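run.tsv (TSV, C-alpha atoms) appears below.
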```tsv
chain	number	residue	atom	x	y	z
W	1331	MET	CA	7.87	-1.83	-12.45
W	1332	PHE	CA	4.60	-2.24	-10.54
W	1333	ASP	CA	3.62	0.36	-7.95
W	1334	SER	CA	1.70	-1.47	-5.23
W	1335	HIS	CA	0.40	1.69	-3.54
W	1336	ALA	CA	-0.44	5.02	-5.20
W	1337	HIS	CA	-2.96	7.84	-4.84
W	1338	LEU	CA	-3.18	9.26	-8.38
W	1339	CYS	CA	-6.73	10.41	-7.67
W	1340	ASP	CA	-5.37	12.85	-5.10
W	1341	HIS	CA	-6.22	16.49	-5.84
W	1342	LYS	CA	-2.49	17.22	-6.23
W	1343	PHE	CA	-2.79	15.56	-9.67
W	1344	ASP	CA	-5.93	17.35	-10.82
W	1345	GLU	CA	-4.13	19.69	-13.21
W	1346	ASP	CA	-1.87	17.15	-14.95
W	1347	ARG	CA	-3.08	13.63	-14.18
W	1348	GLU	CA	-3.08	12.49	-17.83
W	1349	ALA	CA	0.45	13.79	-18.35
W	1350	VAL	CA	1.62	12.01	-15.19
W	1351	LEU	CA	0.07	8.75	-16.39
W	1352	ARG	CA	1.87	9.09	-19.74
W	1353	LYS	CA	5.15	9.82	-17.96
W	1354	MET	CA	4.75	6.72	-15.79
W	1355	LYS	CA	4.33	4.54	-18.87
W	1356	ASP	CA	7.43	6.10	-20.45
W	1357	GLU	CA	9.38	5.35	-17.26
W	1358	GLY	CA	8.50	1.64	-17.49
W	1359	VAL	CA	5.64	1.41	-14.98
W	1360	THR	CA	3.51	-1.58	-15.98
W	1361	GLY	CA	0.68	-0.85	-13.58
W	1362	PHE	CA	-0.31	0.26	-10.10
W	1363	MET	CA	-2.77	-0.18	-7.28
W	1364	GLU	CA	-4.88	2.96	-6.81
W	1365	ILE	CA	-5.74	3.15	-3.12
W	1366	GLY	CA	-8.95	4.45	-1.62
W	1367	VAL	CA	-8.99	6.06	1.82
W	1368	SER	CA	-12.71	6.94	2.08
W	1369	GLU	CA	-15.98	6.26	0.27
W	1370	GLU	CA	-15.30	9.16	-2.12
W	1371	THR	CA	-11.71	8.21	-2.94
W	1372	SER	CA	-12.60	4.53	-3.22
W	1373	ASN	CA	-15.15	5.41	-5.89
W	1374	ASP	CA	-12.52	7.58	-7.59
W	1375	ALA	CA	-10.09	4.63	-7.54
W	1376	LEU	CA	-12.67	2.35	-9.11
W	1377	ARG	CA	-13.41	4.86	-11.88
W	1378	LEU	CA	-9.70	5.26	-12.65
W	1379	ALA	CA	-9.24	1.49	-12.74
W	1380	GLU	CA	-12.24	1.11	-15.06
W	1381	ALA	CA	-10.83	3.73	-17.42
W	1382	ILE	CA	-7.17	2.66	-17.67
W	1383	ASP	CA	-5.64	-0.75	-18.34
W	1384	GLY	CA	-3.07	-1.77	-15.74
W	1385	VAL	CA	-4.73	0.16	-12.93
W	1386	TYR	CA	-6.39	-1.78	-10.10
W	1387	ALA	CA	-8.35	-0.43	-7.17
W	1388	ALA	CA	-8.32	-0.95	-3.41
W	1389	VAL	CA	-11.31	0.32	-1.44
W	1390	GLY	CA	-11.65	1.09	2.23
W	1391	TYR	CA	-11.55	3.57	5.08
W	1392	HIS	CA	-8.19	4.98	6.21
W	1393	PRO	CA	-8.01	5.60	9.99
W	1394	ASP	CA	-8.49	9.33	9.28
W	1395	ALA	CA	-11.92	8.40	7.84
W	1396	ALA	CA	-12.80	5.88	10.56
W	1397	SER	CA	-15.75	7.95	11.77
W	1398	GLU	CA	-17.52	7.49	8.43
W	1399	ALA	CA	-16.75	3.79	7.99
W	1400	ASP	CA	-19.86	1.93	6.82
W	1401	PRO	CA	-19.77	-1.86	6.34
W	1402	GLU	CA	-22.60	-1.91	3.82
W	1403	ILE	CA	-20.96	0.74	1.65
W	1404	LEU	CA	-17.66	-1.16	1.78
W	1405	LYS	CA	-19.38	-4.39	0.71
W	1406	SER	CA	-21.02	-2.50	-2.15
W	1407	LEU	CA	-17.66	-1.10	-3.28
W	1408	LEU	CA	-16.17	-4.59	-3.23
W	1409	ARG	CA	-18.79	-5.82	-5.68
W	1410	ASN	CA	-17.10	-3.80	-8.42
W	1411	PRO	CA	-14.92	-6.18	-10.49
W	1412	LYS	CA	-12.07	-3.65	-10.43
W	1413	ALA	CA	-11.82	-3.87	-6.62
W	1414	TYR	CA	-8.93	-6.18	-5.74
W	1415	ALA	CA	-8.21	-5.34	-2.09
W	1416	ILE	CA	-9.52	-3.69	1.05
W	1417	GLY	CA	-7.42	-0.71	1.94
W	1418	GLU	CA	-5.93	1.39	3.03
W	1419	ILE	CA	-7.09	0.51	6.53
W	1420	GLY	CA	-5.45	0.41	9.93
W	1421	LEU	CA	-4.43	2.71	12.77
W	1422	ASP	CA	-2.75	6.11	13.00
W	1423	TYR	CA	-1.94	7.36	16.49
W	1424	TYR	CA	0.21	10.29	15.37
W	1425	TYR	CA	-2.65	12.78	15.73
W	1426	GLU	CA	-5.22	10.47	17.41
W	1427	ASP	CA	-8.01	12.08	15.40
W	1428	PRO	CA	-10.44	10.37	15.36
W	1429	PRO	CA	-9.86	8.79	18.78
W	1430	ARG	CA	-8.18	5.39	19.05
W	1431	GLU	CA	-11.36	3.50	19.92
W	1432	ILE	CA	-13.12	4.75	16.76
W	1433	GLN	CA	-10.11	3.83	14.61
W	1434	GLN	CA	-9.96	0.37	16.17
W	1435	LYS	CA	-13.68	-0.23	15.62
W	1436	ALA	CA	-13.42	0.68	11.93
W	1437	PHE	CA	-10.26	-1.40	11.54
W	1438	ARG	CA	-11.84	-4.48	13.10
W	1439	MET	CA	-14.98	-4.06	10.98
W	1440	GLN	CA	-12.95	-3.99	7.78
W	1441	MET	CA	-10.79	-6.92	8.85
W	1442	GLN	CA	-13.97	-8.88	9.53
W	1443	ILE	CA	-15.25	-8.14	6.02
W	1444	ALA	CA	-11.88	-9.24	4.63
W	1445	GLU	CA	-12.23	-12.48	6.58
W	1446	GLU	CA	-15.73	-13.04	5.20
W	1447	THR	CA	-14.92	-12.16	1.59
W	1448	GLY	CA	-11.34	-13.37	1.18
W	1449	TYR	CA	-9.97	-10.05	-0.05
W	1450	PRO	CA	-6.37	-9.15	0.85
W	1451	VAL	CA	-5.87	-6.01	2.91
W	1452	ILE	CA	-3.52	-3.03	2.77
W	1453	ILE	CA	-2.49	-1.80	6.22
W	1454	HIS	CA	-1.61	1.71	7.38
W	1455	ASP	CA	0.26	1.60	10.70
W	1456	ARG	CA	1.65	4.84	12.15
W	1457	ASP	CA	2.81	4.86	15.75
W	1458	ALA	CA	0.40	2.00	16.50
W	1459	HIS	CA	2.50	-1.14	16.08
W	1460	GLY	CA	1.26	-3.04	19.13
W	1461	ASP	CA	-2.45	-2.49	18.53
W	1462	THR	CA	-2.05	-3.15	14.81
W	1463	LEU	CA	-0.45	-6.53	15.47
W	1464	GLN	CA	-3.13	-7.36	18.04
W	1465	ILE	CA	-5.97	-6.72	15.59
W	1466	LEU	CA	-4.22	-8.59	12.78
W	1467	SER	CA	-3.76	-11.57	15.11
W	1468	GLU	CA	-7.52	-11.62	15.75
W	1469	HIS	CA	-8.05	-12.44	12.04
W	1470	PRO	CA	-5.44	-15.10	11.23
W	1471	SER	CA	-7.03	-16.09	7.91
W	1472	VAL	CA	-6.62	-12.56	6.50
W	1473	ILE	CA	-3.46	-11.85	4.52
W	1474	GLY	CA	-2.20	-8.56	3.20
W	1475	VAL	CA	0.62	-6.06	3.04
W	1476	MET	CA	2.07	-3.60	5.54
W	1477	HIS	CA	2.32	-0.50	3.38
W	1478	SER	CA	5.40	1.75	3.62
W	1479	TYR	CA	6.71	-0.39	6.46
W	1480	SER	CA	7.92	1.56	9.51
W	1481	GLY	CA	8.10	-1.11	12.21
W	1482	SER	CA	11.01	-3.01	13.72
W	1483	ALA	CA	12.80	-6.06	12.39
W	1484	GLU	CA	11.23	-8.13	15.18
W	1485	MET	CA	7.74	-7.02	14.17
W	1486	ALA	CA	8.58	-7.83	10.54
W	1487	LYS	CA	9.63	-11.35	11.55
W	1488	THR	CA	6.29	-11.82	13.32
W	1489	LEU	CA	4.37	-10.59	10.28
W	1490	LEU	CA	6.32	-12.85	7.94
W	1491	LYS	CA	5.51	-15.87	10.12
W	1492	MET	CA	1.84	-14.87	9.82
W	1493	GLY	CA	2.13	-14.95	6.02
W	1494	TRP	CA	2.17	-11.21	5.43
W	1495	TYR	CA	3.91	-9.13	2.77
W	1496	ILE	CA	5.99	-6.02	3.51
W	1497	SER	CA	6.17	-3.02	1.20
W	1498	PHE	CA	8.83	-0.35	0.95
W	1499	SER	CA	8.44	3.20	-0.30
W	1500	GLY	CA	10.88	6.02	-1.03
W	1501	VAL	CA	11.57	6.17	2.71
W	1502	VAL	CA	14.31	3.54	2.22
W	1503	THR	CA	16.29	6.15	0.26
W	1504	PHE	CA	16.29	8.63	3.17
W	1505	LYS	CA	19.51	9.11	5.17
W	1506	ASN	CA	17.81	8.42	8.51
W	1507	ALA	CA	16.01	5.26	7.35
W	1508	ARG	CA	18.23	2.78	9.21
W	1509	GLN	CA	15.33	0.68	10.49
W	1510	SER	CA	13.66	0.46	7.08
W	1511	VAL	CA	16.97	-0.52	5.50
W	1512	GLU	CA	17.51	-3.25	8.12
W	1513	VAL	CA	14.09	-4.75	7.40
W	1514	ALA	CA	14.45	-4.38	3.62
W	1515	ALA	CA	17.61	-6.48	3.80
W	1516	MET	CA	15.92	-9.42	5.55
W	1517	VAL	CA	12.49	-9.79	3.90
W	1518	PRO	CA	12.40	-12.92	1.70
W	1519	ASP	CA	12.18	-12.50	-2.07
W	1520	ASP	CA	8.62	-13.82	-2.15
W	1521	ARG	CA	7.25	-11.32	0.41
W	1522	ILE	CA	8.62	-7.95	-0.69
W	1523	LEU	CA	6.66	-5.24	-2.50
W	1524	ALA	CA	7.61	-1.76	-3.72
W	1525	GLU	CA	5.48	1.37	-3.77
W	1526	THR	CA	5.49	5.13	-4.07
W	1527	ASP	CA	2.56	6.18	-1.85
W	1528	SER	CA	2.41	9.04	-4.34
W	1529	PRO	CA	2.00	11.98	-4.07
W	1530	TYR	CA	3.83	11.43	-0.75
W	1531	LEU	CA	7.20	10.01	0.37
W	1532	THR	CA	9.15	11.01	-2.73
W	1533	PRO	CA	12.51	9.21	-2.89
W	1534	VAL	CA	15.92	10.85	-2.94
W	1535	PRO	CA	17.03	12.69	-5.11
W	1536	PHE	CA	13.57	14.29	-5.52
W	1537	ARG	CA	12.56	14.38	-1.86
W	1538	GLY	CA	10.39	17.43	-1.22
W	1539	HIS	CA	8.72	17.28	-4.63
W	1540	ARG	CA	5.38	15.67	-5.47
W	1541	ASN	CA	5.80	11.92	-5.91
W	1542	ASP	CA	4.39	9.73	-8.68
W	1543	SER	CA	4.90	6.19	-9.94
W	1544	GLY	CA	7.53	7.39	-12.39
W	1545	TYR	CA	9.90	7.69	-9.42
W	1546	MET	CA	9.57	3.98	-8.57
W	1547	LYS	CA	12.96	3.30	-10.12
W	1548	TYR	CA	14.79	5.12	-7.31
W	1549	THR	CA	13.19	2.94	-4.65
W	1550	ILE	CA	13.86	-0.21	-6.66
W	1551	GLU	CA	17.50	0.84	-7.19
W	1552	LYS	CA	17.91	1.32	-3.45
W	1553	LEU	CA	16.28	-2.02	-2.63
W	1554	ALA	CA	18.64	-3.73	-5.09
W	1555	GLU	CA	21.62	-2.03	-3.42
W	1556	ILE	CA	20.44	-3.00	0.08
W	1557	ARG	CA	19.83	-6.62	-0.93
W	1558	GLY	CA	22.97	-7.00	-3.07
W	1559	THR	CA	21.14	-7.86	-6.25
W	1560	THR	CA	20.13	-6.30	-9.56
W	1561	PHE	CA	17.53	-3.71	-10.42
W	1562	GLU	CA	15.93	-6.19	-12.82
W	1563	HIS	CA	15.57	-8.81	-10.08
W	1564	ILE	CA	13.82	-6.44	-7.67
W	1565	GLU	CA	11.68	-5.08	-10.49
W	1566	ARG	CA	10.56	-8.62	-11.36
W	1567	ILE	CA	9.92	-10.02	-7.89
W	1568	THR	CA	8.06	-6.98	-6.59
W	1569	GLU	CA	5.68	-7.11	-9.55
W	1570	GLU	CA	5.24	-10.87	-9.25
W	1571	ASN	CA	4.50	-10.58	-5.54
W	1572	ALA	CA	1.97	-7.79	-6.06
W	1573	ARG	CA	0.15	-9.81	-8.69
W	1574	THR	CA	0.16	-12.86	-6.43
W	1575	LEU	CA	-1.08	-11.06	-3.33
W	1576	PHE	CA	-3.81	-9.08	-5.09
W	1577	ARG	CA	-4.64	-11.88	-7.56
W	1578	LEU	CA	-4.17	-9.57	-10.52
W	1579	PRO	CA	-4.22	-10.65	-14.18
W	1580	ARG	CA	-0.84	-11.74	-15.53
```
Is it possible to give me this structure as structure tokens?
Amino acid sequence: MFDSHAHLCDHKFDEDREAVLRKMKDEGVTGFMEIGVSEETSNDALRLAEAIDGVYAAVGYHPDAASEADPEILKSLLRNPKAYAIGEIGLDYYYEDPPREIQQKAFRMQMQIAEETGYPVIIHDRDAHGDTLQILSEHPSVIGVMHSYSGSAEMAKTLLKMGWYISFSGVVTFKNARQSVEVAAMVPDDRILAETDSPYLTPVPFRGHRNDSGYMKYTIEKLAEIRGTTFEHIERITEENARTLFRLPR
């Protein structure tokens, strides 16, 4: 299993990070993308990736950190050979803090750097589907993944036509996840990814507990059920797709 989106550098893991990493290996996790959301966490992701085989870093400014987004710092982070993607970037209108215009400016800046450098991107989209699609359409050469997808089936069809990947988290195991289940059933085999977004979005039956990559199997089991296939098939294609998108070693 390959976790395409995790935050193991989060402070929630400070007391037992090494034990969690050992547990993940025992559970069959072959690797994961450690995702930065600010300058500080991007540097943390790079250090973790440098220290542990099978860990790869994404660097960037989450919409919550849009006010601090600095293009020169991002370019510097990308020069590290362990940086494989720009992310997590995007828009979050749930709290609207910072304001939408600041989020959009930081998002466009990072998409422009992705266009210039050729790095794939990892997109955070919460309650901002229309503006997210608009900004993605302004950079048609940039390809990436919609992390923990929460949009409609129609939006998913548009993204797939644009060449994008769609990732599913433990949300697909939730009872009220009808829209996520609908989309998970229709994404082609070569465009689907799986993730934990740990320490968040823990799948059933551990919802409410801290998440980690060791719980990937519950999301993969649910995706296999939704798509009428085997656990082994979903396990294989989601890892293959992650390695293709992020151009990871095989």
Legend entry - Among the residues W:Asp1340, W:Glu1426, W:Glu1348, W:Glu1369, the one that comes closest to W:Ala1399 [using all atoms listed in the file]: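 Going through W:Asp1340, W:Glu1426, W:Glu1348, W:Glu1369 one by one, the smallest distance to W:Ala1399 is for W:Glu1369.
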Inset, instruction - Quote the spacing between atom CA of W:Ile1567 and atom CA of W:Val1501 in Å to one decimal place. - result: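 That distance, rounded to one decimal, is 19.4 Å.
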Legend entry - Contacts of stretch 1371-1382 of chain W at 8 Å (only C-alpha atoms; same-chain gap of 6+ positions) as a ChimeraX atom specification: /W:1339,1364-1365,1388-1390,1407,1410,1412-1413
What does the file look like for those residues with C-alpha atoms, as a PDB file, in the frame of the given file?
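The resulting part.pdb:
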```
ATOM      1  CA  CYS W1339      -6.730  10.410  -7.670  1.00  0.00           C
ATOM      2  CA  GLU W1364      -4.880   2.960  -6.810  1.00  0.00           C
ATOM      3  CA  ILE W1365      -5.740   3.150  -3.120  1.00  0.00           C
ATOM      4  CA  ALA W1388      -8.320  -0.950  -3.410  1.00  0.00           C
ATOM      5  CA  VAL W1389     -11.310   0.320  -1.440  1.00  0.00           C
ATOM      6  CA  GLY W1390     -11.650   1.090   2.230  1.00  0.00           C
ATOM      7  CA  LEU W1407     -17.660  -1.100  -3.280  1.00  0.00           C
ATOM      8  CA  ASN W1410     -17.100  -3.800  -8.420  1.00  0.00           C
ATOM      9  CA  LYS W1412     -12.070  -3.650 -10.430  1.00  0.00           C
ATOM     10  CA  ALA W1413     -11.820  -3.870  -6.620  1.00  0.00           C
TER      11      ALA W1413
END
```
I'd like the neighbourhood of W:His1477 as an mmCIF file with C-alpha atoms, keeping the file's coordinate frame, where a residue qualifies if any of its atoms comes within 10 Å (using all atoms listed in the file), though same-chain residues fewer than 5 positions away should be ignored.
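Result file part-v9.cif:
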```cif
data_model
loop_
_atom_site.group_PDB
_atom_site.id
_atom_site.type_symbol
_atom_site.label_atom_id
_atom_site.label_comp_id
_atom_site.auth_asym_id
_atom_site.auth_seq_id
_atom_site.Cartn_x
_atom_site.Cartn_y
_atom_site.Cartn_z
ATOM 1 C CA SER W 1334 1.700 -1.470 -5.230
ATOM 2 C CA HIS W 1335 0.400 1.690 -3.540
ATOM 3 C CA GLY W 1417 -7.420 -0.710 1.940
ATOM 4 C CA GLU W 1418 -5.930 1.390 3.030
ATOM 5 C CA ILE W 1419 -7.090 0.510 6.530
ATOM 6 C CA VAL W 1451 -5.870 -6.010 2.910
ATOM 7 C CA ILE W 1452 -3.520 -3.030 2.770
ATOM 8 C CA ILE W 1453 -2.490 -1.800 6.220
ATOM 9 C CA HIS W 1454 -1.610 1.710 7.380
ATOM 10 C CA ASP W 1455 0.260 1.600 10.700
ATOM 11 C CA TYR W 1495 3.910 -9.130 2.770
ATOM 12 C CA ILE W 1496 5.990 -6.020 3.510
ATOM 13 C CA SER W 1497 6.170 -3.020 1.200
ATOM 14 C CA PHE W 1498 8.830 -0.350 0.950
ATOM 15 C CA SER W 1499 8.440 3.200 -0.300
ATOM 16 C CA LEU W 1523 6.660 -5.240 -2.500
ATOM 17 C CA ALA W 1524 7.610 -1.760 -3.720
ATOM 18 C CA GLU W 1525 5.480 1.370 -3.770
ATOM 19 C CA THR W 1526 5.490 5.130 -4.070
ATOM 20 C CA ASP W 1527 2.560 6.180 -1.850
#
```
Legend entry - W:Asp1394 surroundings by all atoms listed in the file, 12 Å radius, close-in-sequence under 2 positions cut, as a ChimeraX atom specification: /W:1366-1368,1390-1392,1396-1399,1418-1430,1432-1434,1436-1437,1454-1456
Inset, instruction - Give the answer as one residue: which of W:Tyr1449, W:Phe1343, W:Phe1362, W:Phe1332 has the shortest atom-to-atom distance to W:Leu1575, using all atoms listed in the file? - result: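 Of W:Tyr1449, W:Phe1343, W:Phe1362, W:Phe1332, the one nearest W:Leu1575 is W:Tyr1449, counting all atoms listed in the file.
Atom pair atom CA of W:Val1513 / atom CA of W:Glu1569 has a distance of 19.1 Å (rounded to one decimal).
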Inset, instruction - Could you please determine the separation between atom CA of W:Arg1540 and atom CA of W:Ser1528 in Å, to one decimal place? - result: 7.4 Å
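The shell of residues at most 7 Å from W:Phe1561, with only C-alpha atoms counted and near chain neighbours (fewer than 3 positions) removed, consists of Ile1550, Glu1551, Ala1554, Ile1564 and Glu1565 of chain W.
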Inset, instruction - Find the residues near W:Thr1360: any atom within 12 Å, counting all atoms listed in the file, skip ones fewer than 4 places away on the same chain, and give them as JSON, numbers by chain. - result: {"W": [1331, 1332, 1333, 1334, 1351, 1352, 1353, 1354, 1355, 1356, 1382, 1383, 1384, 1385, 1386, 1543, 1544, 1546, 1565, 1566, 1568, 1569, 1570, 1572, 1573, 1580]}
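Minimum atom-to-atom distance to W:Lys1435, evaluated using all atoms listed in the file, belongs to W:Ile1465 out of W:Gly1460, W:Ile1465, W:Ile1473, W:Gly1448.
Each of W:Leu1553, W:Val1502, W:Val1475, W:Met1516 was checked against W:Thr1574 using all atoms listed in the file; the smallest atom-to-atom distance is that of W:Val1475.
Ranking W:Ile1443, W:Gly1538, W:Asp1520, W:Lys1547 by their shortest atom-to-atom distance to W:Asn1571, with all atoms listed in the file included, puts W:Asp1520 first.
Minimum atom-to-atom distances from W:Arg1557, W:Lys1491, W:Arg1577, W:Arg1537 to W:Lys1505 were compared using all atoms listed in the file, and the lowest value belongs to W:Arg1537.
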Output file request: stretch 1545-1557 of chain W, with C-alpha atoms, as a compact mmCIF listing (two decimals), in the first residue's frame.
```txt
# COMPACT_ATOMS: atom_id res chain seq x y z
CA TYR W 1545 -5.12 2.41 8.48
CA MET W 1546 -4.80 2.60 4.69
CA LYS W 1547 -6.14 -0.93 4.38
CA TYR W 1548 -9.64 0.14 5.44
CA THR W 1549 -9.86 2.75 2.70
CA ILE W 1550 -8.49 0.32 0.12
CA GLU W 1551 -10.98 -2.36 1.24
CA LYS W 1552 -13.83 0.11 0.79
CA LEU W 1553 -12.60 1.22 -2.64
CA ALA W 1554 -12.41 -2.43 -3.71
CA GLU W 1555 -15.99 -2.98 -2.49
CA ILE W 1556 -17.27 0.14 -4.28
CA ARG W 1557 -15.53 -0.78 -7.54
```
